[in-house]
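Notes to accompany the following structure.
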Amino acid sequence: MTEAGDEMYRWARDLFPICRSITGPGIRQTLDYLRDLVPGLQCHAVASGTRAFDWTVPDEWTIRDAFIADETGRRVVDFHNNNLHVVSYSEPVDRWLDKAELEQHLYSLKDQPDAIPYVTSYYQRRWGFCLTHAQRQALAPGRYRAVVDSDLEPGVLNYSDLIIPGEQKEEILLSAYVCHPSMANNELSGPVVVAAVARWLLRKKQRRYTYRIVFIPETIGSLVYLSRNLDVMKKNTIAGFVPTCCGDDRAYAMIESRNGGTLADRASRHVLSRTAPGYNHYSFLRRGADERQYCSPGIDLPVVSILRSKHAEYPEYHTSLDDLSVISAAGLQGTHECLCRTIDLIEANRTYRVTVLGEPQLGKHGLRSTLGQKEFPKQTAMMMNVLAYCDGTRDLISLAERIDADALECAAVVERLFKAGLLVEVSENGRPQSQ
Amino acid sequence: MTEAGDEMYRWARDLFPICRSITGPGIRQTLDYLRDLVPGLQCHAVASGTRAFDWTVPDEWTIRDAFIADETGRRVVDFHNNNLHVVSYSEPVDRWLDKAELEQHLYSLKDQPDAIPYVTSYYQRRWGFCLTHAQRQALAPGRYRAVVDSDLEPGVLNYSDLIIPGEQKEEILLSAYVCHPSMANNELSGPVVVAAVARWLLRKKQRRYTYRIVFIPETIGSLVYLSRNLDVMKKNTIAGFVPTCCGDDRAYAMIESRNGGTLADRASRHVLSRTAPGYNHYSFLRRGADERQYCSPGIDLPVVSILRSKHAEYPEYHTSLDDLSVISAAGLQGTHECLCRTIDLIEANRTYRVTVLGEPQLGKHGLRSTLGQKEFPKQTAMMMNVLAYCDGTRDLISLAERIDADALECAAVVERLFKAGLLVEVSENGRPQSQ
Amino acid sequence: MTEAGDEMYRWARDLFPICRSITGPGIRQTLDYLRDLVPGLQCHAVASGTRAFDWTVPDEWTIRDAFIADETGRRVVDFHNNNLHVVSYSEPVDRWLDKAELEQHLYSLKDQPDAIPYVTSYYQRRWGFCLTHAQRQALAPGRYRAVVDSDLEPGVLNYSDLIIPGEQKEEILLSAYVCHPSMANNELSGPVVVAAVARWLLRKKQRRYTYRIVFIPETIGSLVYLSRNLDVMKKNTIAGFVPTCCGDDRAYAMIESRNGGTLADRASRHVLSRTAPGYNHYSFLRRGADERQYCSPGIDLPVVSILRSKHAEYPEYHTSLDDLSVISAAGLQGTHECLCRTIDLIEANRTYRVTVLGEPQLGKHGLRSTLGQKEFPKQTAMMMNVLAYCDGTRDLISLAERIDADALECAAVVERLFKAGLLVEVSENGRPQSQ
């Protein structure tokens, strides 16, 4: 049963060929596709030259063609064969060079001779070509024509967002980046998972919290987004997630927020440790994507990253090998389920206090067998543990961890006890909440 | 040397045959016996129908006879052979049934075919018989007469208590339950150990703290007791102990209070980890007896349970196999000594501060050899460690744990240093206490 | 390269033959030698009978000769062969005794038959001789003449100190004891290392903190020193070090301050765990030298002890076997480097806060390659980690431990970022410091 996974995989397959970068037509095309999936998604444009904290939005890059041709005119490296062949943000060039000079503009990986590396130069004007090491070694001596048919002109940086309202103004952030060209796990998995979770949220009958769905180019996009939305995000964000490299099926992982211990950390950790017990728990020292900005000092949003195989660790990372064979419907589905469970947990995460002194007489309330025997069912033990630790000091996650139970199973027990009048919700200031 | 143990074992042997339940003649007879052992013990009666938090005191149960007879009139199950044969609180019945109908009222244990299980139905009117699985399988097809000659009428619930006064009004609670019929470890061990500790306390020349000795039926008894004494117990109780399943000689164990870290937890843990290093330390999730009520949210007394083999874990638990062969004089003695040491430790648990700056010159005070040599005795090292850490911030237990020493041995060293004027007691607000 | 070590070893060799005790000509001669090494060292004298907390300065001891002679006049034990042969502070005696009576005054070590033990009796008038167990067993029956040619008269106790001023009045203490006769690791290693560190401090162009260099007799000396300087030391001392048994090359070790966690603990632990990863980390329960006084309750200076092989643990300890062969230039050098690194770390230990929101654009500041590739250098990762955790809540040591980096390497990175305007120093009250 990977219905959601199959759907996400199809979206990734559609988006794979587009040559994305941090600006330009590729990212716009990608955001248009996502808007069709997620009704209500708003596309925004920010002019080149706009400041975002220590950064400035660069010129817009348009790439039409790029190749290296030999003296016979044969294209030995051709952008039309693979988007990764051109260094992202390459400035225009059309020159004949001898091989030695050309080498200054070539990037390949000796250790992965069949992989085209992914290289960028957003903030320094350069041009360059990426190719497999095998291709590079096959280059004969002689002269070559290097052509990059690109524009680097003032334009805009684009991103999209959507606020899905809930009963409370407190927000949960879901952020994916859409600037990587033609790589699947990093990074089409994040966008398609976030799109699927957004659709699931839109279908939900009841949402306690408000959700902020964000599709941006990495780094400059999150900085721009934060510089325009910082106040409201600092005020309202109770948890945030950056799913990335989350489409393969080799592992589960999370990266803690900068100082750890936030609601996002606690909920993710609980869900992952129960549903994927051998998952990799990384400290923020191992960060890599937009959580770097969301968690930076002074911004300090409670954001974690959710992954399968971590960036910079799986062999295909940032190369042409990270293609559609790396991800799978099952891999995408697993991440989707983990995120939905985590969100369900945060939605259910309230603090309760038992309404009677001493243990309640569960038999009288129809919640337990009236027969006293040597053993009683696990369900009864869990109910009694919930009652013992619902003292108004622990939210659902803490309660579940204290009694070594699954928090969503606890939520079901809490629901029964609440209906029996044995639990009352406690507001943050310690008094029972008016219902 | 198990003099105290031999005595406790004799008491258990005397009490074993009585058919106790949470109300009725059996528990009254037991409380009478204990009153003879513990002078001053007061017996109390609470009317059926009295509310205690979420509970109501049930009708009083009197059992005279109970049997299953076959068509020839032969008793195939007979209460007079073993009290456990009748489900506790069985309502009266005298009926002929065919075997299939009778089976609805029978309880046996497939996995322990020679054990009669212990079954109760205090709050739901039922009748039933408990028998060995071997007996059950030997029942021939045919008709049977089931007779329970019992009363279930408004009456009283009984319990006993005794306040043994000390210099301070702060109390230490010792609570045992006396509602189990004809089982030895669970539960005659608790009552006889508490009786012996009460007698030891009464013999003591000096008691810093007040002691509250309580004998009650389990659960409903502690709830009734708490509902009548909650204010004074919440105000004064500094530590409490529920000894249970504490008469065998297979292990030592304690169950922490609900949130742990109370004086009762700290003292018990210290004594057990030093006198029974391999003891089992259970969290409150593994609770089972009246600590469930004493520690419940809003009551929150600092109460731990002291055990040998834990309830629901040793094989004879809640069956007829839990007879006098399970407990021993040595087993009871061990629990008694552990409790007395724990009480001695709490009595000695004061906070001291050294009176001089720098190390005292111990040789001058006659507390150390005046010869400086390569090695000095362990006793000197311990004295110097006591002095180094008696800085007014640690009570005796913390001090002992900080310097990795036995707290009662520390108490002896502290006594010597106190007499030499090198230590002064510190009151809770940090100033030396006037003596 | 053990230039500093060779120099320290030569000093130890010069000082080795002197018969030191807690008072008298031997310690004065030692302090004179140290004054030649450390310009500005002040020598102080305190009269016998002076009180220091619980102690009193004893009479001054002068030893000229001591021997045991047999009936032929042959010296079988002779102070002139080894200073350790006489119990330190032996009162004068000149008596003929039979062997049995003499035995009452002899000290030897059965387990180390070739070692002369080191024995003292500062506060109880005695006389005695220390000898190898082999010598003792060779003593024939008969009569012996015991001669101690000593004075025990009112005089003075001497010690030296030097304040090396820094920009701030906050002090770092370096304390060594100079009362041990003719033993090398314990205790000439401490004095020569402290002398070398003092010379290094005097050569430094810039000192943030003030340094207090102290050479004292052990125990009574530190007590006298504290009794005369307590107020200023309690007010100003931010870290202190007692290097002792620090001249051999078998191990590294530190002894924590009494409650641990002081700046001295944190800095030493960081340096040792990085430069000597297998070092021995001892709790204050394993203390032995003047840290006993500096850390005692009510004095509570933040002082740790720095060692190689711990006192009372290495086999030659407190015997004649602790000679110049136990220590080495390399051993002394290692301790010296560790102390200098620790001091450098404390000098550099400031708290910084990043000046921009979000990650800075390091490429723009010339701090990082502008090319985005699969891997980036370790140095860049460290710089980004420094920026991520410089949030104004962590000093340099905490920062380094949080990002699992060497603090002095961090200091270099911090320096670059500070110069680029990306970090600002935070004062203790949380506001940026005016520069």
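Chain labels A, B, ... are given in the sequence in which chains occur in the structure tokens; within each chain residues are numbered consecutively from 1, and ligands are likewise numbered from 1 in the order shown.
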
Residues of region 52-280 of chain A in alpha helix (DSSP H), written as a PyMOL selection string: chain A and resi 99-103+133-137+189-203+220-236+263-275

Sorted per-residue table, chain A near chain C, closest atoms and distance, 9 Å, only C-alpha atoms, as JSON lines:
{"residue": "A:Ala52", "atom": "CA", "partner": "C:Gly358", "partner_atom": "CA", "distance": 9.0}
{"residue": "A:Phe53", "atom": "CA", "partner": "C:Leu357", "partner_atom": "CA", "distance": 5.9}
{"residue": "A:Asp54", "atom": "CA", "partner": "C:Pro360", "partner_atom": "CA", "distance": 5.4}
{"residue": "A:Trp55", "atom": "CA", "partner": "C:Gln361", "partner_atom": "CA", "distance": 6.1}
{"residue": "A:Pro117", "atom": "CA", "partner": "C:Lys374", "partner_atom": "CA", "distance": 7.5}
{"residue": "A:Tyr118", "atom": "CA", "partner": "C:Gln373", "partner_atom": "CA", "distance": 6.7}
{"residue": "A:Val119", "atom": "CA", "partner": "C:Gln373", "partner_atom": "CA", "distance": 5.1}
{"residue": "A:Thr120", "atom": "CA", "partner": "C:Gly372", "partner_atom": "CA", "distance": 4.8}
{"residue": "A:Ser121", "atom": "CA", "partner": "C:Leu371", "partner_atom": "CA", "distance": 4.9}
{"residue": "A:Tyr122", "atom": "CA", "partner": "C:Thr370", "partner_atom": "CA", "distance": 7.7}
{"residue": "A:Tyr123", "atom": "CA", "partner": "C:Thr370", "partner_atom": "CA", "distance": 6.5}
{"residue": "A:Gln124", "atom": "CA", "partner": "C:Thr370", "partner_atom": "CA", "distance": 6.1}
{"residue": "A:Thr219", "atom": "CA", "partner": "C:Glu359", "partner_atom": "CA", "distance": 8.6}
{"residue": "A:Leu223", "atom": "CA", "partner": "C:Gly358", "partner_atom": "CA", "distance": 6.6}
{"residue": "A:Leu226", "atom": "CA", "partner": "C:Gly358", "partner_atom": "CA", "distance": 8.6}
{"residue": "A:Ser227", "atom": "CA", "partner": "C:Leu357", "partner_atom": "CA", "distance": 8.9}
{"residue": "A:Arg258", "atom": "CA", "partner": "C:Ala388", "partner_atom": "CA", "distance": 7.9}
{"residue": "A:Asn259", "atom": "CA", "partner": "C:Tyr389", "partner_atom": "CA", "distance": 8.9}
{"residue": "A:Leu285", "atom": "CA", "partner": "C:Asn385", "partner_atom": "CA", "distance": 6.7}
{"residue": "A:Arg292", "atom": "CA", "partner": "C:Glu359", "partner_atom": "CA", "distance": 7.2}
{"residue": "A:Gln293", "atom": "CA", "partner": "C:Gly358", "partner_atom": "CA", "distance": 4.9}
{"residue": "A:Tyr294", "atom": "CA", "partner": "C:Gly358", "partner_atom": "CA", "distance": 7.5}
{"residue": "A:Cys295", "atom": "CA", "partner": "C:Gly358", "partner_atom": "CA", "distance": 8.1}
{"residue": "A:Ser296", "atom": "CA", "partner": "C:Gly358", "partner_atom": "CA", "distance": 5.4}
{"residue": "A:Pro297", "atom": "CA", "partner": "C:Asp391", "partner_atom": "CA", "distance": 5.4}
{"residue": "A:Gly298", "atom": "CA", "partner": "C:Leu357", "partner_atom": "CA", "distance": 6.1}
{"residue": "A:Ile299", "atom": "CA", "partner": "C:Leu357", "partner_atom": "CA", "distance": 6.6}
{"residue": "A:Ala312", "atom": "CA", "partner": "C:Lys374", "partner_atom": "CA", "distance": 7.1}
{"residue": "A:Tyr317", "atom": "CA", "partner": "C:Lys374", "partner_atom": "CA", "distance": 7.6}
{"residue": "A:His318", "atom": "CA", "partner": "C:Lys374", "partner_atom": "CA", "distance": 5.9}
{"residue": "A:Thr319", "atom": "CA", "partner": "C:Lys374", "partner_atom": "CA", "distance": 8.2}

Would you output that residue set with C-alpha atoms, as a CSV table (one decimal), in the first residue's frame?
chain,number,residue,atom,x,y,z
A,52,ALA,CA,18.3,39.7,3.1
A,53,PHE,CA,20.4,40.0,6.3
A,54,ASP,CA,24.0,39.6,5.3
A,55,TRP,CA,23.1,38.6,1.7
A,117,PRO,CA,29.3,16.4,-10.1
A,118,TYR,CA,26.8,19.2,-9.2
A,119,VAL,CA,28.7,22.5,-8.9
A,120,THR,CA,27.4,26.1,-8.4
A,121,SER,CA,28.9,29.6,-8.3
A,122,TYR,CA,26.1,31.9,-7.4
A,123,TYR,CA,28.0,34.7,-5.9
A,124,GLN,CA,31.2,34.8,-8.0
A,219,THR,CA,19.8,29.3,1.6
A,223,LEU,CA,17.0,34.1,4.2
A,226,LEU,CA,12.8,34.9,7.0
A,227,SER,CA,13.7,38.6,6.4
A,258,ARG,CA,20.3,24.0,17.1
A,259,ASN,CA,19.9,23.6,20.9
A,285,LEU,CA,26.5,19.9,13.8
A,292,ARG,CA,20.8,26.3,9.0
A,293,GLN,CA,19.0,29.5,8.6
A,294,TYR,CA,15.8,28.7,10.6
A,295,CYS,CA,17.8,27.8,13.6
A,296,SER,CA,20.6,30.4,13.4
A,297,PRO,CA,21.2,32.6,16.5
A,298,GLY,CA,18.6,35.3,16.9
A,299,ILE,CA,16.2,33.5,14.6
A,312,ALA,CA,26.8,14.3,2.0
A,317,TYR,CA,24.8,12.8,-3.2
A,318,HIS,CA,25.3,15.9,-5.4
A,319,THR,CA,26.0,14.0,-8.6

Computed interatomic separation between CA of Ser88 (chain C) and CA of Leu41 (chain C) (Å): 26.7 Å

Filtered DSSP result for region 54-219 of chain C, state strand (DSSP E), as JSON, numbers by chain: {"C": [55, 56, 60, 61, 62, 63, 64, 65, 66, 67, 68, 69, 75, 76, 77, 78, 93, 94, 95, 96, 97, 98, 106, 107, 129, 130, 143, 144, 145, 146, 147, 148, 149, 150, 151, 152, 153, 156, 157, 158, 159, 160, 161, 162, 163, 164, 171, 172, 173, 174, 175, 176, 177, 210, 211, 212, 213, 214, 215, 216]}

Within 9 Å of Tyr89 (chain A) using only C-alpha atoms, minus same-chain residues under 2 positions, as a list in words: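 Final neighbour list, sorted by chain and number: Ser21, Ile22, Glu60, Trp61, Thr62, Ile63, Val86, Val87, Glu91, Thr120, Ser121, Tyr122, Tyr123, Gln124, Arg125, Arg126, Trp127, Ser150, Asp151 and Leu152 of chain A.
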
Near-Pro277 (chain A) list (12 Å; only C-alpha atoms; drop same-chain fewer than 6 positions) as a ChimeraX atom specification: /A:251-253,269-271

Residue neighbourhood Asn236 (chain C), 10 Å, only C-alpha atoms, exclusion window fewer than 4 positions, as a list in words: Gln168, Lys169, Glu170, Glu171, Ile172, Leu173, Tyr209, Thr210, Leu230, Asp231, Val232 and Leu301 of chain C
